[in-house]
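S.K.: This one is my_file31.txt, compact mmCIF, C-alpha atoms.
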# COMPACT_ATOMS: atom_id res chain seq x y z
CA MET A 1 7.78 -188.02 -132.43
CA PHE A 2 3.97 -187.99 -132.27
CA ASP A 3 3.32 -188.08 -136.02
CA ASN A 4 2.11 -191.67 -136.20
CA ILE A 5 -0.41 -191.75 -133.36
CA ASP A 6 -3.83 -190.24 -132.84
CA ILE A 7 -2.97 -187.52 -130.32
CA PHE A 8 -6.68 -186.92 -129.69
CA ASN A 9 -7.66 -190.45 -128.66
CA ASN A 10 -4.98 -192.42 -126.98
CA ARG A 11 -2.98 -193.27 -123.88
CA ILE A 12 0.35 -191.53 -124.23
CA GLU A 13 3.38 -192.09 -122.04
CA ILE A 14 5.56 -189.02 -121.55
CA ARG A 15 9.04 -189.68 -120.16
CA ASN A 16 10.32 -186.13 -119.61
CA GLU A 17 9.76 -182.44 -120.28
CA GLU A 18 11.19 -182.67 -123.80
CA GLU A 19 8.45 -185.14 -124.70
CA THR A 20 5.88 -182.86 -123.04
CA LYS A 21 7.11 -180.08 -125.30
CA ALA A 22 6.99 -182.29 -128.41
CA TYR A 23 3.45 -183.41 -127.58
CA GLY A 24 2.31 -179.83 -126.89
CA TYR A 25 3.71 -178.67 -130.23
CA ALA A 26 2.15 -181.62 -132.11
CA LEU A 27 -1.21 -180.92 -130.51
CA ALA A 28 -0.97 -177.18 -131.28
CA GLU A 29 -0.42 -177.92 -134.98
CA LYS A 30 -3.77 -179.70 -135.17
CA LEU A 31 -5.86 -177.22 -133.17
CA LYS A 32 -8.48 -175.08 -134.85
CA PRO A 33 -10.79 -172.24 -133.75
CA GLY A 34 -13.30 -173.39 -131.15
CA ASP A 35 -11.26 -176.32 -129.84
CA VAL A 36 -11.45 -176.87 -126.10
CA ILE A 37 -8.90 -178.86 -124.10
CA ALA A 38 -10.08 -180.01 -120.67
CA LEU A 39 -7.11 -180.81 -118.41
CA ILE A 40 -7.64 -183.03 -115.38
CA GLY A 41 -4.91 -184.04 -112.95
CA ASP A 42 -3.54 -183.71 -109.45
CA LEU A 43 -1.44 -180.77 -108.32
CA GLY A 44 1.98 -180.91 -109.94
CA THR A 45 1.10 -183.22 -112.83
CA GLY A 46 2.05 -180.55 -115.36
CA LYS A 47 -1.19 -178.99 -116.57
CA THR A 48 0.32 -175.51 -116.81
CA THR A 49 3.55 -176.86 -118.31
CA LEU A 50 1.63 -178.63 -121.06
CA THR A 51 -0.40 -175.46 -121.63
CA LYS A 52 2.84 -173.50 -121.99
CA TYR A 53 4.05 -175.82 -124.74
CA ILE A 54 0.71 -175.81 -126.55
CA ALA A 55 0.88 -171.99 -126.45
CA GLU A 56 4.43 -172.00 -127.83
CA GLY A 57 3.28 -174.35 -130.59
CA LEU A 58 0.54 -171.86 -131.43
CA GLY A 59 3.14 -169.09 -131.63
CA VAL A 60 2.08 -167.29 -128.44
CA SER A 61 4.91 -164.94 -127.45
CA GLU A 62 3.71 -163.98 -123.96
CA MET A 63 4.84 -165.93 -120.89
CA ILE A 64 2.19 -168.43 -119.81
CA VAL A 65 1.36 -168.37 -116.12
CA SER A 66 -1.41 -170.08 -114.22
CA PRO A 67 -4.56 -167.95 -114.12
CA THR A 68 -5.38 -169.25 -110.63
CA PHE A 69 -6.61 -165.94 -109.23
CA GLN A 70 -8.05 -164.55 -112.48
CA ILE A 71 -9.97 -167.59 -113.75
CA VAL A 72 -9.00 -166.83 -117.37
CA ARG A 73 -6.03 -165.26 -119.17
CA GLU A 74 -6.12 -164.26 -122.82
CA TYR A 75 -3.18 -164.60 -125.20
CA ARG A 76 -3.66 -163.21 -128.70
CA SER A 77 -0.16 -163.18 -130.19
CA GLY A 78 -0.29 -166.68 -131.73
CA ARG A 79 -1.81 -168.34 -134.77
CA LEU A 80 -5.06 -168.58 -132.79
CA PRO A 81 -6.18 -166.74 -129.66
CA LEU A 82 -5.58 -168.82 -126.53
CA PHE A 83 -7.89 -168.62 -123.52
CA HIS A 84 -6.35 -170.28 -120.47
CA PHE A 85 -8.78 -171.09 -117.65
CA ASP A 86 -8.06 -172.31 -114.13
CA VAL A 87 -11.34 -173.24 -112.43
CA TYR A 88 -9.80 -174.64 -109.23
CA ARG A 89 -11.23 -171.81 -107.12
CA VAL A 90 -14.60 -171.53 -108.87
CA TYR A 91 -17.21 -172.60 -106.36
CA ASP A 92 -20.33 -171.65 -108.29
CA PRO A 93 -20.75 -172.33 -112.04
CA ASP A 94 -22.51 -168.98 -112.35
CA GLU A 95 -19.10 -167.32 -111.80
CA LEU A 96 -17.98 -168.72 -115.14
CA PHE A 97 -21.05 -167.49 -116.94
CA GLU A 98 -20.65 -164.04 -115.32
CA ILE A 99 -17.16 -163.65 -116.81
CA GLY A 100 -18.42 -164.71 -120.24
CA ALA A 101 -16.83 -168.16 -120.31
CA GLU A 102 -19.21 -169.28 -123.06
CA GLU A 103 -17.98 -166.49 -125.34
CA TYR A 104 -14.42 -167.76 -124.95
CA ILE A 105 -15.27 -171.44 -125.25
CA PHE A 106 -17.50 -171.02 -128.28
CA GLY A 107 -15.35 -168.24 -129.76
CA ASP A 108 -12.63 -168.00 -132.36
CA GLY A 109 -9.75 -169.32 -130.30
CA VAL A 110 -8.56 -172.34 -128.36
CA SER A 111 -9.65 -172.73 -124.75
CA ILE A 112 -7.62 -174.75 -122.26
CA VAL A 113 -9.36 -175.44 -118.95
CA GLU A 114 -7.27 -176.61 -116.00
CA TRP A 115 -9.15 -178.54 -113.29
CA ALA A 116 -11.94 -179.17 -115.83
CA ASP A 117 -13.41 -181.93 -113.68
CA LEU A 118 -14.43 -179.28 -111.12
CA SER A 119 -16.63 -177.42 -113.63
CA PRO A 120 -17.77 -180.03 -116.15
CA GLU A 121 -20.80 -177.97 -117.18
CA ILE A 122 -18.61 -175.57 -119.21
CA ILE A 123 -16.87 -178.33 -121.18
CA PRO A 124 -18.71 -178.81 -124.48
CA GLU A 125 -19.35 -182.04 -126.31
CA GLY A 126 -16.39 -182.89 -128.54
CA ALA A 127 -13.82 -181.25 -126.25
CA ILE A 128 -10.42 -182.90 -125.94
CA VAL A 129 -10.29 -184.37 -122.42
CA MET A 130 -6.85 -185.10 -121.00
CA ASN A 131 -6.46 -186.93 -117.74
CA ILE A 132 -2.84 -186.42 -116.67
CA LEU A 133 -1.43 -189.03 -114.30
CA TYR A 134 1.94 -189.45 -112.65
CA GLY A 135 4.11 -192.11 -114.27
CA ILE A 136 6.21 -194.66 -112.45
CA ASN A 137 9.49 -192.71 -112.53
CA GLU A 138 10.30 -189.10 -111.67
CA GLY A 139 9.19 -186.74 -114.44
CA GLU A 140 7.05 -189.33 -116.23
CA ARG A 141 3.40 -188.64 -117.03
CA ILE A 142 0.59 -190.54 -118.67
CA TYR A 143 -1.91 -188.65 -120.81
CA GLU A 144 -5.24 -190.39 -121.21
CA VAL A 145 -6.79 -188.49 -124.11
CA SER A 146 -10.35 -188.76 -125.38
CA ARG A 147 -13.23 -186.64 -126.65
CA LYS A 148 -16.11 -185.59 -124.42
CA GLU A 149 -19.28 -187.31 -125.48
CA GLY A 150 -22.72 -185.76 -125.11
Once you've parsed the file, please lay out its structure as structure tokens.
M.R.:
Amino acid sequence: MFDNIDIFNNRIEIRNEEETKAYGYALAEKLKPGDVIALIGDLGTGKTTLTKYIAEGLGVSEMIVSPTFQIVREYRSGRLPLFHFDVYRVYDPDELFEIGAEEYIFGDGVSIVEWADLSPEIIPEGAIVMNILYGINEGERIYEVSRKEG
């Protein structure tokens, strides 16, 4: 479904959860160690749902849940380690450095950061930035995908 478009630099219209799954799987196929995905979007736009499908596409067998009260969750059962961040409740960037966020982000796995716009200082140049917007109809989403420039 997403074979003929640049999934890293585009505006993508998602009509339902099946398309979210297909996109997550297509993205997972192209990810490599050190990739960072910065997710930005309102509550309920599907950041954790997309993360779940990226994880499945990487072969992660554990259930993906939002790391809201832990800041980061590690999943190591897939093709690449997955580090899932939720920085919604991080009020001081030093908190991220205290937990070793740089080691995850510049490590051997894939890092997905929900609410990335709240802690932009941890998002490296070249990261995949996804702004997730509500679509017109119920269940529709728009992914505005780009790379973070320095």
S.K.: Give the answer as one residue: which of A:Val87, A:Ala28, A:Val113, A:Ile71 has the shortest atom-to-atom distance to A:Ile99, using only C-alpha atoms?
M.R.: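 Once distances to A:Ile99 are computed over only C-alpha atoms, the minimum belongs to A:Ile71.
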S.K.: What lies within 7 Å of stretch 32-37 of chain A using only C-alpha atoms, ignoring chain neighbours under 5 positions off, as a list in words?
M.R.: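 Listing them by chain and then by number gives Leu80, Ile105, Phe106, Gly107, Asp108, Gly109, Val110, Ser111, Ile112, Val113, Ala127, Ile128 and Val129 of chain A.
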S.K.: Nearest to A:Pro124 among A:Gly44, A:Gly150, A:Pro93, A:Gly139, with distances taken over only C-alpha atoms: which residue is it?
M.R.: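 Counting only C-alpha atoms, the residue closest to A:Pro124 is A:Gly150.
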S.K.: Restricting the calculation to only C-alpha atoms, which member of A:Ala38, A:Val90, A:Val72, A:Leu27 is positioned closest to A:Ile54?
M.R.: A:Leu27
S.K.: Counting only C-alpha atoms, figure out which residue out of A:Glu17, A:Glu98, A:Glu138, A:Asp86 gets nearest to A:Ser119.
M.R.: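 Ranked by minimum distance to A:Ser119, first place goes to A:Asp86.
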S.K.: For the atom pair atom CA of A:Glu74 and atom CA of A:Trp115, what is the interatomic distance in Å to one decimal place?
M.R.: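 Atom CA of A:Trp115 lies 17.4 Å from atom CA of A:Glu74.
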S.K.: Could you tell me which of A:Arg89, A:Met130, A:Gly78, A:Tyr53 comes closest to A:Tyr143 if we count all atoms listed in the file?
M.R.: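 Result for the nearest residue to A:Tyr143: A:Met130.
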S.K.: Got a sec: who's within 12 Å of A:Leu43, counting all atoms listed in the file, leaving out chain neighbours fewer than 3 positions off, as a ChimeraX atom specification?
M.R.: /A:39-40,46-49,88,114-115,132-134
S.K.: Taking into account all atoms listed in the file, which residue in the set A:Val65, A:Ile122, A:Phe83, A:Asn131 is nearest to A:Glu144?
M.R.: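 Looking at the shortest contact to A:Glu144, the residue is A:Asn131.
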S.K.: So what do you get for atom CA of A:Gly24 versus atom CA of A:Gly135, distance-wise?
M.R.: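 Result for atom CA of A:Gly24 versus atom CA of A:Gly135: 17.7 Å, one decimal.
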S.K.: Could you check how far atom CA of A:Lys21 sits from atom CA of A:Val60, in Å to one decimal?
M.R.: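 According to the coordinates, atom CA of A:Lys21 and atom CA of A:Val60 are separated by 14.1 Å.
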S.K.: Excluding A:Arg15 and residues on its chain fewer than 4 positions from it, collect all residues at most 7 Å away from it, counting only C-alpha atoms, and give them as a PDB file with C-alpha atoms, in the coordinates of the input.
M.R.:
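Output (part35.pdb):
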ATOM      1  CA  GLU A  19       8.450-185.140-124.700  1.00  0.00           C
ATOM      2  CA  GLY A 139       9.190-186.740-114.440  1.00  0.00           C
ATOM      3  CA  GLU A 140       7.050-189.330-116.230  1.00  0.00           C
ATOM      4  CA  ARG A 141       3.400-188.640-117.030  1.00  0.00           C
TER       5      ARG A 141
END
